[in-house]
file target.cif (mmCIF, C-alpha atoms and all ligand atoms)
data_entry
loop_
_atom_site.label_atom_id
_atom_site.label_comp_id
_atom_site.auth_asym_id
_atom_site.auth_seq_id
_atom_site.Cartn_x
_atom_site.Cartn_y
_atom_site.Cartn_z
CA MET N 1 117.77 93.47 131.78
CA SER N 2 114.46 93.71 133.54
CA SER N 3 111.95 96.19 132.21
CA ARG N 4 110.58 96.66 135.70
CA ASN N 5 112.74 99.67 136.43
CA LYS N 6 111.90 101.51 133.25
CA GLY N 7 108.87 103.17 134.73
CA ARG N 8 105.34 103.08 133.40
CA ASP N 9 104.88 101.30 130.07
CA ARG N 10 103.67 104.09 127.78
CA ARG N 11 103.45 102.07 124.59
CA PRO N 12 100.01 102.55 123.04
CA LYS N 13 97.72 99.55 123.39
CA PRO N 14 95.30 98.36 120.69
CA LEU N 15 91.65 99.14 121.40
CA GLU N 16 88.54 97.06 120.81
CA VAL N 17 86.83 97.80 117.48
CA VAL N 18 83.04 97.98 117.86
CA LYS N 19 80.91 96.12 115.33
CA TYR N 20 77.85 97.00 113.25
CA GLY N 21 74.91 97.55 115.58
CA HIS N 22 76.89 99.54 118.15
CA PRO N 23 75.19 102.94 118.59
CA ALA N 24 78.49 104.87 118.36
CA LEU N 25 78.66 103.96 114.65
CA ARG N 26 75.43 105.86 113.97
CA SER N 27 76.27 109.02 115.92
CA LYS N 28 77.59 112.32 114.57
CA GLY N 29 81.04 113.01 115.96
CA ARG N 30 81.67 116.07 118.10
CA ARG N 31 84.17 118.60 116.78
CA ILE N 32 87.55 118.59 118.57
CA GLU N 33 88.25 122.09 119.92
CA LYS N 34 91.50 121.35 121.75
CA ILE N 35 94.15 118.79 120.81
CA ASP N 36 95.35 117.70 124.25
CA ASP N 37 97.21 114.64 125.57
CA SER N 38 94.04 112.55 125.66
CA ILE N 39 93.48 113.16 121.92
CA ARG N 40 97.15 112.46 121.13
CA THR N 41 97.06 109.21 123.13
CA LEU N 42 93.80 108.15 121.48
CA ALA N 43 95.26 108.83 118.01
CA GLU N 44 98.32 106.69 118.84
CA GLU N 45 96.12 103.88 120.14
CA MET N 46 93.95 104.07 117.03
CA ILE N 47 97.02 103.81 114.76
CA VAL N 48 98.21 100.72 116.67
CA THR N 49 94.69 99.25 116.44
CA MET N 50 94.50 99.92 112.68
CA TYR N 51 97.82 98.08 112.11
CA GLU N 52 96.82 95.24 114.44
CA GLU N 53 93.55 94.75 112.51
CA ASP N 54 95.21 95.06 109.06
CA GLY N 55 93.05 98.05 108.15
CA CYS N 56 93.97 101.11 106.09
CA GLY N 57 91.80 103.47 108.14
CA LEU N 58 89.98 103.76 111.45
CA ALA N 59 87.52 106.34 112.79
CA ALA N 60 87.14 107.24 116.47
CA HIS N 61 83.52 106.02 116.31
CA GLN N 62 84.88 102.51 115.69
CA VAL N 63 86.56 102.51 119.10
CA GLY N 64 83.40 103.88 120.71
CA ARG N 65 84.39 107.57 120.72
CA SER N 66 82.07 109.96 118.91
CA ILE N 67 84.54 112.71 117.97
CA GLN N 68 85.97 114.10 114.69
CA LEU N 69 89.15 112.01 114.61
CA ALA N 70 90.30 109.37 112.13
CA VAL N 71 93.58 107.73 111.15
CA ILE N 72 94.71 106.34 107.78
CA ASP N 73 97.76 104.54 106.43
CA VAL N 74 97.66 103.49 102.78
CA MET N 75 101.36 102.56 102.50
CA PRO N 76 100.90 98.79 103.12
CA ALA N 77 98.45 98.71 100.16
CA GLN N 78 100.48 100.97 97.87
CA GLU N 79 101.36 98.19 95.38
CA ASP N 80 97.88 96.66 95.04
CA ARG N 81 95.80 99.81 95.41
CA PRO N 82 98.02 102.84 94.83
CA SER N 83 97.34 106.36 96.07
CA ARG N 84 98.61 109.78 95.02
CA ALA N 85 98.43 113.13 96.80
CA TRP N 86 99.13 116.77 95.89
CA MET N 87 99.58 119.92 97.95
CA ASN N 88 99.63 123.33 96.25
CA GLY N 89 99.77 121.55 92.90
CA ARG N 90 102.92 119.58 93.76
CA GLU N 91 102.84 115.83 94.20
CA LEU N 92 103.59 114.70 97.75
CA GLU N 93 105.82 111.88 98.94
CA LEU N 94 103.03 109.70 100.33
CA GLU N 95 105.27 108.29 103.02
CA SER N 96 105.69 111.76 104.51
CA LEU N 97 101.90 111.93 105.13
CA MET N 98 101.53 108.47 106.73
CA PRO N 99 100.25 107.50 109.18
CA LEU N 100 97.79 110.31 108.63
CA VAL N 101 95.86 111.65 111.64
CA MET N 102 92.81 113.65 110.53
CA ILE N 103 91.19 115.96 113.07
CA ASN N 104 87.92 117.73 112.14
CA PRO N 105 88.33 116.57 108.51
CA GLU N 106 86.28 117.66 105.51
CA VAL N 107 86.34 116.07 102.06
CA HIS N 108 85.24 117.84 98.88
CA PRO N 109 85.00 116.16 95.45
CA VAL N 110 87.38 117.55 92.81
CA GLY N 111 86.16 117.13 89.23
CA LYS N 112 83.39 114.86 88.00
CA GLU N 113 85.24 111.56 87.64
CA ARG N 114 83.94 108.72 89.80
CA SER N 115 85.43 105.36 90.64
CA ARG N 116 83.85 102.09 91.71
CA GLU N 117 85.93 99.80 93.91
CA ILE N 118 85.67 97.21 96.66
CA GLU N 119 85.41 98.45 100.24
CA GLY N 120 85.35 96.75 103.59
CA CYS N 121 85.17 97.97 107.18
CA LEU N 122 86.79 96.81 110.42
CA SER N 123 83.35 97.17 112.07
CA MET N 124 81.90 94.68 109.55
CA PRO N 125 84.60 92.01 109.17
CA GLY N 126 84.11 89.76 106.13
CA LEU N 127 81.63 92.09 104.41
CA HIS N 128 82.88 93.59 101.14
CA ASP N 129 81.18 95.26 98.21
CA GLU N 130 81.81 97.79 95.46
CA VAL N 131 81.05 101.44 96.25
CA GLU N 132 81.01 104.32 93.77
CA ARG N 133 82.62 107.54 95.02
CA PRO N 134 84.28 110.66 93.59
CA ALA N 135 87.73 109.63 92.26
CA ARG N 136 89.60 112.72 93.46
CA VAL N 137 88.92 114.72 96.62
CA ARG N 138 90.31 117.71 98.46
CA ILE N 139 90.94 116.90 102.13
CA VAL N 140 91.10 119.69 104.71
CA CYS N 141 91.85 118.75 108.32
CA GLN N 142 94.08 119.47 111.28
CA ASP N 143 96.99 117.16 112.04
CA ILE N 144 98.03 115.99 115.50
CA ASP N 145 99.98 119.24 116.05
CA GLY N 146 96.94 121.35 115.19
CA SER N 147 98.41 122.47 111.84
CA THR N 148 96.01 122.66 108.91
CA LEU N 149 96.52 120.08 106.18
CA ASP N 150 94.94 120.93 102.82
CA PHE N 151 95.69 118.49 100.00
CA GLU N 152 94.16 116.53 97.14
CA ALA N 153 94.16 112.75 96.86
CA GLU N 154 93.37 110.01 94.39
CA GLY N 155 93.25 106.23 94.62
CA LEU N 156 92.92 104.39 97.92
CA LEU N 157 93.75 107.50 99.98
CA SER N 158 90.81 109.37 98.42
CA ARG N 159 88.49 106.42 99.05
CA ALA N 160 89.73 105.82 102.60
CA ALA N 161 89.34 109.51 103.52
CA GLN N 162 85.75 109.51 102.21
CA HIS N 163 84.98 106.25 104.05
CA GLU N 164 86.42 107.59 107.35
CA VAL N 165 84.77 111.02 107.10
CA ASP N 166 81.46 109.20 106.49
CA HIS N 167 82.06 107.32 109.79
CA LEU N 168 82.51 110.62 111.62
CA HIS N 169 78.98 111.55 110.52
CA GLY N 170 77.42 108.20 111.40
CA ILE N 171 77.44 106.95 107.79
CA LEU N 172 78.63 103.43 106.86
CA PHE N 173 79.80 102.27 103.44
CA ILE N 174 76.80 99.93 103.17
CA ASP N 175 74.59 103.05 103.14
CA HIS N 176 75.90 103.64 99.59
CA LEU N 177 74.61 100.24 98.38
CA THR N 178 71.27 99.66 96.65
CA PRO N 179 68.53 97.83 98.62
CA GLY N 180 69.14 94.79 96.37
CA GLU N 181 72.88 94.76 97.10
CA LEU N 182 72.17 95.19 100.80
CA THR N 183 69.81 92.19 100.87
CA GLU N 184 72.61 89.72 100.24
CA HIS N 185 74.55 91.08 103.23
CA GLN N 186 71.61 90.88 105.66
CA PRO N 187 72.59 87.51 107.25
CA LEU N 188 76.04 88.88 108.17
CA LEU N 189 74.61 92.21 109.35
CA ARG N 190 72.11 90.38 111.57
CA LYS N 191 74.99 88.37 113.03
CA PHE N 192 76.92 91.55 113.93
CA GLN N 193 73.77 93.06 115.44
CA ALA N 194 73.12 89.96 117.57
CA GLN N 195 76.69 90.25 118.90
CA THR N 196 76.26 93.88 119.92
CA ILE N 197 72.91 93.50 121.73
CA GLY N 198 73.25 94.95 125.19
CA PHE N 199 74.92 98.22 124.17
ZN ZN Y 201 84.81 101.59 108.18
#
call {"tool": "encode", "arguments": {"input": "target.cif", "output": "structure tokens", "more": "lines below"}}
Ligand SMILES: [Zn+2]
result
Amino acid sequence: MSSRNKGRDRRPKPLEVVKYGHPALRSKGRRIEKIDDSIRTLAEEMIVTMYEEDGCGLAAHQVGRSIQLAVIDVMPAQEDRPSRAWMNGRELELESLMPLVMINPEVHPVGKERSREIEGCLSMPGLHDEVERPARVRIVCQDIDGSTLDFEAEGLLSRAAQHEVDHLHGILFIDHLTPGELTEHQPLLRKFQAQTIGF
């Protein structure tokens, strides 16, 4: 059967992920006041892009849009880098939260425990290093329906939420490295910058 008669193809298409050096990555994202069709479509396209690129999170800035929107899915990594989440003191079925669309998100550390683990970023492919962050965070955001989500997370979900919320404020994970650690990544960073000249 031909697909020609099925009308317009509405399947979300993957978007281009901008690389280190693109000005969008250093901008502070505008707050989303109204969740309309354009936001819903963008969120769907970002989820498809995240899967296509094998990432566990993606911020709107990484597809050139400076707004408070990010997506996360930690399920594919659940065996290697597990996550846990709680709402109102009760542990959540992680699958019911994923893929997670975070609109106007905030993250707040819970407790004093910190964890140090490897991070990478789809805007800096091939660059990885350890970053120390709060182990457990409270995440408050709106979901794609505009409902408020307020939950606590540990593991990769906590780390990914902190990484993505950083993006929405123009902060990259390499900003958490020491100058010495950053030096060894300079050749790769210069390569990304050379590729984005012209923006
Ligand atoms: Zn990133």
call {"tool": "closest_atom_pairs", "arguments": {"input": "target.cif", "of": "chain N", "to": "ligand ZN 201 (chain Y)", "cutoff": "10 Å", "atoms": "only C-alpha atoms and all ligand atoms", "output": "Markdown table"}}
result
| residue | atom | partner | partner_atom | distance |
| --- | --- | --- | --- | --- |
| N:Lys19 | CA | Y:ZN201 | ZN | 9.8 |
| N:Tyr20 | CA | Y:ZN201 | ZN | 9.8 |
| N:Leu25 | CA | Y:ZN201 | ZN | 9.2 |
| N:Gly55 | CA | Y:ZN201 | ZN | 9.0 |
| N:Cys56 | CA | Y:ZN201 | ZN | 9.4 |
| N:Gly57 | CA | Y:ZN201 | ZN | 7.2 |
| N:Leu58 | CA | Y:ZN201 | ZN | 6.5 |
| N:Ala59 | CA | Y:ZN201 | ZN | 7.2 |
| N:His61 | CA | Y:ZN201 | ZN | 9.3 |
| N:Gln62 | CA | Y:ZN201 | ZN | 7.6 |
| N:Glu119 | CA | Y:ZN201 | ZN | 8.6 |
| N:Gly120 | CA | Y:ZN201 | ZN | 6.7 |
| N:Cys121 | CA | Y:ZN201 | ZN | 3.8 |
| N:Leu122 | CA | Y:ZN201 | ZN | 5.6 |
| N:Ser123 | CA | Y:ZN201 | ZN | 6.1 |
| N:Met124 | CA | Y:ZN201 | ZN | 7.6 |
| N:Pro125 | CA | Y:ZN201 | ZN | 9.6 |
| N:Ala160 | CA | Y:ZN201 | ZN | 8.6 |
| N:Gln162 | CA | Y:ZN201 | ZN | 10.0 |
| N:His163 | CA | Y:ZN201 | ZN | 6.2 |
| N:Glu164 | CA | Y:ZN201 | ZN | 6.3 |
| N:Val165 | CA | Y:ZN201 | ZN | 9.5 |
| N:Asp166 | CA | Y:ZN201 | ZN | 8.5 |
| N:His167 | CA | Y:ZN201 | ZN | 6.6 |
| N:Leu168 | CA | Y:ZN201 | ZN | 9.9 |
| N:Ile171 | CA | Y:ZN201 | ZN | 9.1 |
| N:Leu172 | CA | Y:ZN201 | ZN | 6.6 |
| N:Phe173 | CA | Y:ZN201 | ZN | 6.9 |
| N:Ile174 | CA | Y:ZN201 | ZN | 9.6 |
call {"tool": "closest_residue", "arguments": {"input": "target.cif", "among": "N:Gln68, N:Asp143, N:Arg136, N:Glu130", "to": "Leu100 of chain N", "atoms": "only C-alpha atoms"}}
result
N:Asp143
call {"tool": "closest_residue", "arguments": {"input": "target.cif", "among": "N:Asn104, N:Thr178, N:Ser83, N:Thr41", "to": "Lys28 of chain N", "atoms": "only C-alpha atoms"}}
result
N:Asn104
call {"tool": "closest_residue", "arguments": {"input": "target.cif", "among": "N:Leu42, N:Val131, N:Asp36, N:Arg30", "to": "Arg11 of chain N", "atoms": "all atoms listed in the file"}}
result
N:Leu42
call {"tool": "atom_distance", "arguments": {"input": "target.cif", "atom1": "atom CA of Leu189 of chain N", "atom2": "atom CA of Gly126 of chain N"}}
result
10.3 Å
call {"tool": "closest_residue", "arguments": {"input": "target.cif", "among": "N:Leu149, N:Pro105, N:Ile144, N:Lys112", "to": "Ser38 of chain N", "atoms": "all atoms listed in the file"}}
result
N:Ile144
call {"tool": "atom_distance", "arguments": {"input": "target.cif", "atom1": "atom CA of Ser158 of chain N", "atom2": "atom CA of Val71 of chain N"}}
result
13.1 Å
call {"tool": "atom_distance", "arguments": {"input": "target.cif", "atom1": "atom CA of Met46 of chain N", "atom2": "atom CA of Leu69 of chain N"}}
result
9.6 Å
